[in-house]
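*Asks:* Input: one structure, supplied below.
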Amino acid sequence: MKTRPTKLSHIVETQYISDEAGLCIVEAERAVPFDIKRVYYIFDVDNAAIRGKHAHKKTKQSLFCIRGSVKVTLDNGNEKEIIHLDKPNEGIYLDTLMWHEMHDFSADAVLLVFASEHYEEEDYIRSYDEFKNYLKTV
Ligand code: T46
């Protein structure tokens, strides 16, 4: 497993075994730097859709586009970065308090997400103004 830094986060490259099939391995606390409590996947996304548009207070996540491609805009309140995910063995780590938006989904895109916490709506900051104010308190 390798990681490479991006401006605001890092890309993780998982083990990728390719014979007559592709096989990628995601291990908690290795490829994903936390204990995994939840896994979900997003698919059949309208190309015009912009998902996310929030930050999390406690939840850390790693996003892998295991089929197709998607762009993820990261925003730490000061700087932005656009990550293009288009390889099944490469994921982006999303730390807490990182505003994120997923957009430009290809028609076949499947986004697989590993999360450090169970779902709790209270963990979300869904207003950008609230996000900027929250950053001043931490
Ligand atoms: C994130 C990005 C990467 C649940 O009830 N349980 C869940 O585990 C999830 C993920 C969602 N939901 C409900 C909450 C909303 O009523 O599903 C609905 C859609 O969720 P949301 O608008 O947050 O979906 P996205 O695609 O904008 O964001 C998702 C994750 O929710 C979010 O945590 O970081 O993917």
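Chain identifiers are assigned as A, B, and so on, following the order in which chains appear in the structure tokens; residues are numbered from 1 within each chain, and ligands are numbered from 1 in order of appearance.
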Taking only C-alpha atoms and all ligand atoms and a cut-off of 8 Å, can you tell me which residues surround ligand 1, written as a list in words?
*Replies:*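 These are the residues that qualify: Arg38, Val39, Tyr40, Ile42, Ile50, Arg51, Gly52, Lys53, His54, Ala55, His56, Thr59, Gln61, Leu63, His100, Glu101, Met102, Val113, His118, Tyr119, Glu120, Glu121 and Tyr124 of chain A.
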*Asks:* Considering only strand (DSSP E) as DSSP defines it on the backbone, what residues of region 13-89 of chain A qualify? List them as a PyMOL selection string.
*Replies:* chain A and resi 13+15-18+22-25+38-43+51-56+61-67+70-75+80-85
*Asks:* May I ask for the distance between CA of Met1 (chain A) and CA of Ile82 (chain A), given in Å to one decimal place?
*Replies:* 22.6 Å
*Asks:* Taking into account only C-alpha atoms, which residue in the set A:Gly68, A:Gly77, A:Pro33, A:Gly22 is nearest to Trp99 (chain A)?
*Replies:*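 Among the listed residues, A:Gly77 lies closest to Trp99 (chain A).
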*Asks:* Which of these, A:Asn78, A:Ser127, A:Ser62, A:Thr96, has the shortest distance to Phe114 (chain A) once you count only C-alpha atoms?
*Replies:* A:Ser62
*Asks:* Using only C-alpha atoms, which of A:Cys24, A:Ile11, A:Ala49, A:Leu135 sits nearest Pro88 (chain A)?
*Replies:*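 Comparing A:Cys24, A:Ile11, A:Ala49, A:Leu135 against Pro88 (chain A), the winner is A:Cys24.
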*Asks:* Can you work out the spacing between CA of Thr137 (chain A) and CA of Asp123 (chain A) in Å, to one decimal?
*Replies:*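 The value is 15.5 Å.
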*Asks:* Mind pulling up the distance from CA of Glu122 (chain A) to CA of Thr6 (chain A)?
*Replies:*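 Separation between CA of Thr6 (chain A) and CA of Glu122 (chain A): 28.7 Å.
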*Asks:* Select, from A:Val138, A:Asp108, A:Ser9, A:Arg4, the residue with the minimum atom-to-atom distance to Glu81 (chain A), counting only C-alpha atoms.
*Replies:* A:Ser9
*Asks:* Could you write out, as a VMD selection string, all the residues of chain A that DSSP marks as helix (DSSP H, G or I)?
*Replies:* chain A and resid 121 to 123 128 to 137
*Asks:* Any idea what's packed within 8 Å of Leu111 (chain A), counting only C-alpha atoms, ignoring anything in its chain fewer than 2 positions away? Could you give it as a tab-separated table (two decimals) with C-alpha atoms, in the first residue's frame?
*Replies:*
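Contents of selection08.tsv, as written:
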chain	number	residue	atom	x	y	z
A	41	TYR	CA	-21.79	3.05	-1.97
A	42	ILE	CA	-23.23	5.61	-4.33
A	43	PHE	CA	-24.18	4.75	-7.91
A	63	LEU	CA	-13.60	7.27	-0.97
A	64	PHE	CA	-12.81	4.87	-3.81
A	65	CYS	CA	-14.36	5.16	-7.25
A	66	ILE	CA	-14.33	1.46	-8.05
A	67	ARG	CA	-16.00	1.87	-11.45
A	109	ALA	CA	-19.54	5.56	-11.56
A	113	VAL	CA	-17.01	4.86	0.94
